[in-house]
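Visitor: run.cif is reproduced below (mmCIF, C-alpha atoms).
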data_coords
loop_
_atom_site.label_atom_id
_atom_site.label_comp_id
_atom_site.auth_asym_id
_atom_site.auth_seq_id
_atom_site.Cartn_x
_atom_site.Cartn_y
_atom_site.Cartn_z
CA MET A 15 -32.09 93.50 -2.09
CA ALA A 16 -30.73 94.46 -5.51
CA ARG A 17 -33.50 92.46 -7.19
CA PHE A 18 -36.16 94.27 -5.09
CA ASP A 19 -34.71 97.70 -5.98
CA ARG A 20 -34.68 96.84 -9.68
CA ARG A 21 -38.32 95.79 -9.44
CA ARG A 22 -39.28 99.05 -7.72
CA LEU A 23 -37.43 101.06 -10.36
CA ALA A 24 -39.18 99.15 -13.13
CA VAL A 25 -42.62 99.84 -11.62
CA ALA A 26 -41.79 103.52 -11.09
CA GLY A 27 -40.58 103.79 -14.67
CA ALA A 28 -43.77 102.24 -16.03
CA ILE A 29 -45.91 104.69 -14.03
CA ALA A 30 -43.79 107.60 -15.24
CA LEU A 31 -44.44 106.57 -18.83
CA LEU A 32 -48.20 106.14 -18.32
CA VAL A 33 -48.82 109.53 -16.68
CA PRO A 34 -47.61 111.68 -19.63
CA SER A 35 -49.55 109.44 -22.02
CA ALA A 36 -52.77 109.96 -20.08
CA VAL A 37 -52.18 113.72 -19.86
CA ALA A 38 -51.52 113.90 -23.61
CA CYS A 39 -54.69 111.94 -24.38
CA ASN A 40 -56.81 114.19 -22.19
CA SER A 41 -55.28 117.25 -23.81
CA ILE A 42 -56.19 116.00 -27.28
CA ILE A 43 -59.88 115.84 -26.44
CA GLY A 44 -59.96 119.05 -24.43
CA LEU A 45 -60.48 117.52 -21.00
CA THR A 46 -57.61 119.31 -19.26
CA ASP A 47 -59.09 122.76 -19.91
CA PHE A 48 -62.14 122.51 -17.66
CA GLU A 49 -62.61 121.93 -13.97
CA LYS A 50 -66.04 121.11 -12.65
CA THR A 51 -65.56 123.65 -9.83
CA GLN A 52 -64.91 126.59 -12.14
CA CYS A 53 -67.28 129.51 -12.02
CA ALA A 54 -67.42 131.85 -14.99
CA GLY A 55 -69.42 134.97 -15.85
CA ALA A 56 -73.07 134.72 -14.86
CA ARG A 57 -72.72 131.04 -14.03
CA CYS A 58 -71.85 131.74 -10.35
CA ALA A 59 -73.96 131.24 -7.27
CA ASP A 60 -74.68 134.29 -5.08
CA ASP A 61 -71.69 133.50 -2.88
CA GLY A 62 -69.39 133.32 -5.93
CA GLY A 63 -69.06 129.56 -5.79
CA PRO A 64 -69.97 127.00 -8.44
CA LEU A 65 -73.59 126.07 -9.04
CA PRO A 66 -74.66 122.52 -8.24
CA ASP A 67 -75.13 119.92 -10.95
CA GLN A 68 -78.65 119.70 -12.30
CA LEU A 69 -80.53 118.30 -15.26
CA VAL A 70 -81.05 120.48 -18.30
CA GLU A 71 -84.68 119.38 -18.45
CA ALA A 72 -86.81 116.46 -17.38
CA GLY A 73 -85.66 113.35 -19.22
CA ALA A 74 -82.59 115.05 -20.68
CA ASP A 75 -79.64 112.95 -21.76
CA VAL A 76 -76.93 115.07 -20.15
CA VAL A 77 -76.12 116.53 -16.75
CA THR A 78 -74.81 120.10 -16.69
CA ASP A 79 -73.06 122.39 -14.25
CA ALA A 80 -75.32 125.42 -14.70
CA PRO A 81 -79.01 126.22 -15.22
CA VAL A 82 -80.55 126.42 -18.68
CA GLU A 83 -81.38 130.10 -18.24
CA ALA A 84 -77.69 131.00 -17.79
CA LYS A 85 -76.35 133.32 -20.49
CA GLY A 86 -74.69 132.02 -23.62
CA ALA A 87 -74.28 128.56 -25.05
CA ASP A 88 -75.19 125.38 -23.23
CA PRO A 89 -73.20 124.63 -20.05
CA VAL A 90 -70.49 122.00 -19.97
CA SER A 91 -72.15 118.59 -19.86
CA TRP A 92 -71.46 115.04 -18.77
CA ALA A 93 -72.91 112.10 -20.67
CA LYS A 94 -75.59 109.94 -19.10
CA TRP A 95 -75.29 107.41 -21.92
CA PRO A 96 -72.56 104.78 -22.35
CA MET A 97 -69.76 106.26 -24.46
CA PRO A 98 -68.94 104.09 -27.50
CA SER A 99 -65.78 102.00 -27.61
CA TYR A 100 -63.97 100.82 -30.73
CA GLY A 101 -64.15 97.04 -30.83
CA ASP A 102 -62.42 96.46 -27.48
CA ALA A 103 -63.33 93.41 -25.44
CA GLY A 104 -64.73 95.59 -22.65
CA PRO A 105 -68.41 96.07 -21.76
CA LEU A 106 -68.92 99.30 -23.72
CA PRO A 107 -70.75 99.10 -27.06
CA SER A 108 -69.04 99.74 -30.37
CA PRO A 109 -70.27 102.68 -32.50
CA SER A 110 -73.53 101.83 -34.23
CA LEU A 111 -75.30 104.22 -36.62
CA THR A 112 -78.46 103.79 -38.69
CA ALA A 113 -78.87 106.15 -41.67
CA SER A 114 -82.30 106.58 -43.24
CA GLY A 115 -84.20 109.41 -44.94
CA GLY A 116 -81.52 112.03 -44.37
CA LEU A 117 -81.25 111.22 -40.66
CA VAL A 118 -78.63 109.31 -38.69
CA THR A 119 -79.68 107.60 -35.47
CA ASP A 120 -76.93 106.70 -33.01
CA ASN A 121 -77.99 103.37 -31.54
CA VAL A 122 -75.72 103.88 -28.52
CA THR A 123 -76.58 107.44 -27.46
CA LYS A 124 -80.05 107.47 -29.09
CA LEU A 125 -79.27 110.92 -30.52
CA VAL A 126 -80.73 111.69 -33.96
CA TRP A 127 -78.54 113.72 -36.33
CA ARG A 128 -79.02 115.28 -39.73
CA ALA A 129 -76.95 113.29 -42.22
CA THR A 130 -75.52 116.42 -43.85
CA ILE A 131 -73.90 119.59 -42.60
CA ILE A 132 -75.48 122.97 -43.29
CA PRO A 133 -73.90 124.44 -46.46
CA GLY A 134 -71.55 127.33 -45.75
CA ASP A 135 -69.33 128.53 -42.94
CA PHE A 136 -70.59 130.21 -39.79
CA LYS A 137 -69.45 131.94 -36.63
CA ALA A 138 -70.14 130.36 -33.25
CA ASN A 139 -73.13 132.56 -32.42
CA ASP A 140 -74.77 131.66 -35.75
CA ALA A 141 -74.58 127.89 -35.28
CA GLU A 142 -77.67 127.49 -33.10
CA GLY A 143 -79.76 129.81 -35.27
CA GLN A 144 -78.86 127.90 -38.41
CA CYS A 145 -80.18 124.69 -36.86
CA GLU A 146 -83.35 126.32 -35.55
CA LYS A 147 -84.27 127.52 -39.08
CA LEU A 148 -84.32 123.99 -40.51
CA ALA A 149 -87.60 122.36 -41.45
CA ASN A 150 -88.99 119.23 -39.80
CA GLY A 151 -87.45 120.18 -36.48
CA PRO A 152 -86.92 121.24 -33.87
CA TRP A 153 -83.14 121.07 -34.44
CA ARG A 154 -80.25 122.44 -32.40
CA ALA A 155 -76.46 122.56 -32.48
CA PRO A 156 -74.71 119.90 -30.37
CA LYS A 157 -72.95 120.18 -27.06
CA ARG A 158 -69.32 119.09 -26.95
CA ILE A 159 -70.05 115.78 -25.21
CA GLU A 160 -72.62 114.99 -27.90
CA LEU A 161 -70.53 115.80 -30.96
CA VAL A 162 -67.48 113.83 -29.77
CA THR A 163 -69.59 110.65 -29.83
CA LEU A 164 -69.44 110.80 -33.64
CA LEU A 165 -65.62 110.56 -33.68
CA ASP A 166 -64.80 107.09 -34.94
CA TYR A 167 -61.11 106.19 -34.91
CA SER A 168 -61.76 102.88 -36.63
CA HIS A 169 -61.91 104.89 -39.87
CA PRO A 170 -59.03 106.72 -41.55
CA THR A 171 -59.26 110.50 -41.58
CA PRO A 172 -61.83 111.96 -41.48
CA PHE A 173 -62.57 110.17 -38.23
CA VAL A 174 -66.27 109.61 -38.84
CA ASP A 175 -68.50 107.04 -40.52
CA ARG A 176 -68.70 108.46 -44.06
CA THR A 177 -71.42 106.01 -45.09
CA ALA A 178 -73.69 107.79 -42.60
CA PHE A 179 -72.30 111.34 -42.80
CA THR A 180 -71.48 111.59 -46.50
CA ASP A 181 -70.30 115.22 -46.63
CA LEU A 182 -68.57 115.41 -43.24
CA VAL A 183 -64.89 115.47 -44.20
CA ASN A 184 -61.86 117.20 -42.62
CA TYR A 185 -63.96 119.97 -41.10
CA GLN A 186 -64.06 121.76 -37.78
CA VAL A 187 -67.65 121.61 -36.51
CA TRP A 188 -69.08 123.94 -33.86
CA THR A 189 -70.45 122.89 -30.51
CA THR A 190 -72.41 125.17 -28.18
CA SER A 191 -69.97 124.51 -25.31
CA GLU A 192 -67.86 127.57 -24.59
CA VAL A 193 -64.28 127.40 -23.36
CA ARG A 194 -64.08 128.38 -19.70
CA PRO A 195 -63.80 130.91 -18.24
CA PHE A 196 -66.63 132.54 -20.20
CA VAL A 197 -65.98 136.17 -21.22
CA ALA A 198 -69.34 137.87 -21.78
CA GLY A 199 -69.53 140.30 -24.70
CA ASN A 200 -66.30 139.13 -26.29
CA PRO A 201 -66.95 138.25 -29.97
CA SER A 202 -63.82 136.12 -30.06
CA GLN A 203 -64.87 134.09 -27.00
CA PRO A 204 -63.66 130.58 -27.93
CA TYR A 205 -66.02 127.66 -28.26
CA TRP A 206 -65.17 123.99 -28.60
CA VAL A 207 -65.09 122.50 -32.07
CA VAL A 208 -64.61 118.89 -33.11
CA ASN A 209 -61.99 118.55 -35.83
CA PHE A 210 -62.91 115.46 -37.83
CA GLY A 211 -59.68 115.72 -39.80
CA SER A 212 -57.38 115.44 -36.79
CA GLY A 213 -59.76 113.61 -34.47
CA ALA A 214 -59.23 116.28 -31.80
CA VAL A 215 -61.47 118.60 -29.81
CA GLU A 216 -60.10 122.14 -30.12
CA PRO A 217 -60.94 125.68 -28.97
CA LEU A 218 -61.79 128.11 -31.78
CA ALA A 219 -62.44 131.85 -31.52
CA GLY A 220 -66.15 132.48 -31.90
CA ASP A 221 -65.68 135.10 -34.62
CA LEU A 222 -63.93 132.57 -36.88
CA ASN A 223 -65.77 130.23 -39.24
CA ALA A 224 -66.54 126.52 -38.91
CA LYS A 225 -69.21 124.08 -40.03
CA VAL A 226 -72.55 123.26 -38.39
CA LEU A 227 -74.10 119.79 -37.93
CA CYS A 228 -77.48 119.65 -36.22
CA LEU A 229 -79.23 117.09 -34.05
CA ARG A 230 -82.83 116.64 -33.02
CA ALA A 231 -83.78 118.86 -30.10
CA LYS A 232 -85.56 117.24 -27.15
#
Starting from the file, lay out its structure as structure tokens.

Guide:
Amino acid sequence: MARFDRRRLAVAGAIALLVPSAVACNSIIGLTDFEKTQCAGARCADDGGPLPDQLVEAGADVVTDAPVEAKGADPVSWAKWPMPSYGDAGPLPSPSLTASGGLVTDNVTKLVWRATIIPGDFKANDAEGQCEKLANGPWRAPKRIELVTLLDYSHPTPFVDRTAFTDLVNYQVWTTSEVRPFVAGNPSQPYWVVNFGSGAVEPLAGDLNAKVLCLRAK
């Protein structure tokens, strides 16, 4: 009986250690701050409930929780591609980038990025416009789920492949994914940024400055 009790205590202790670790990991990448059932601002159905999942557009690479015509930045998205792993023995692919002619193609997600950030610092509402002005487009600013695919923890800080992204150092880089709930008309409405110095996904007030990295619009 004593042996059985010790075994139960050992299992319970192991579970107790794993739960905080998982919570901490989710918090680092911003996953604890959004629930799929949230409804914010104009993103509500007529009855006040959440809108159903739907594709952004035909053939799009992400699934979102609100229509494209909803106000503001792109809705929160879920990847339809396999997320990269980092050399584990599991079935997921390791990060694989091909840099050529100022472009970086992600061989896992099939997203095509500009190899360099836009010079300067910008507020959240300026990020999309800066990408749209670039030649040889169309270009756009990334969603959160897209930009986090560039985080590569197999490298020392900055956590990114510097052979592909030569000027992407310890910067915070804007995404077009707003932090829920969305507050319309608030210039300091926070948006998600990827911090390549810390390897974290963080909220940042929209009227503060961060960098912009663009990807090919579809």

Visitor: I'd like the interatomic distance between atom CA of Pro204 of chain A and atom CA of Asp175 of chain A, to a tenth of an Å.

Guide: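 Answer for the atom CA of Pro204 of chain A to atom CA of Asp175 of chain A separation: 27.1 Å.
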
Visitor: Taking the file as shown, find all residues satisfying the PyMOL selection byres ((chain A and resi 213-229) around 8) and write them as a PyMOL selection string.

Guide: chain A and resi 42-44+125-128+130-139+141+144-145+153-156+162+165+167+171-173+185-188+193+201-212+230-231

Visitor: Rounded to one decimal in Å, what is the spacing between atom CA of Glu146 of chain A and atom CA of Asp120 of chain A?

Guide: 20.8 Å

Visitor: Find the residue from A:Phe179, A:Pro170, A:Glu142, A:Lys147 that sits nearest to Gly116 of chain A; use all atoms listed in the file when measuring.

Guide: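 Comparing A:Phe179, A:Pro170, A:Glu142, A:Lys147 against Gly116 of chain A, the winner is A:Phe179.
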
Visitor: Hey, can you check how far atom CA of Val183 of chain A sits from atom CA of Ser108 of chain A?

Guide: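 Distance between the two atoms: 21.4 Å.
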
Visitor: Using the chain letters and residue numbers of this document, give as an MDAnalysis selection string the residues selected by the PyMOL selection byres ((chain A and resi 157) around 6).

Guide: chainID A and resid 156 158:160 189:191

Visitor: Using only C-alpha atoms, pick whichever of A:Val197, A:Leu182, A:Val174, A:Ala129 has the shortest atom-to-atom distance to Ala113 of chain A.

Guide: A:Ala129

Visitor: Quick one: of A:Ala178, A:Glu192, A:Gly199, A:Leu117, who's nearest to Gly151 of chain A, counting all atoms listed in the file?

Guide: A:Leu117

Visitor: Smallest atom-to-atom distance to Asn121 of chain A: which of A:Thr163, A:Ala198, A:Thr177, A:Asp140, using all atoms listed in the file?

Guide: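 Closest to Asn121 of chain A of all the choices is A:Thr163.
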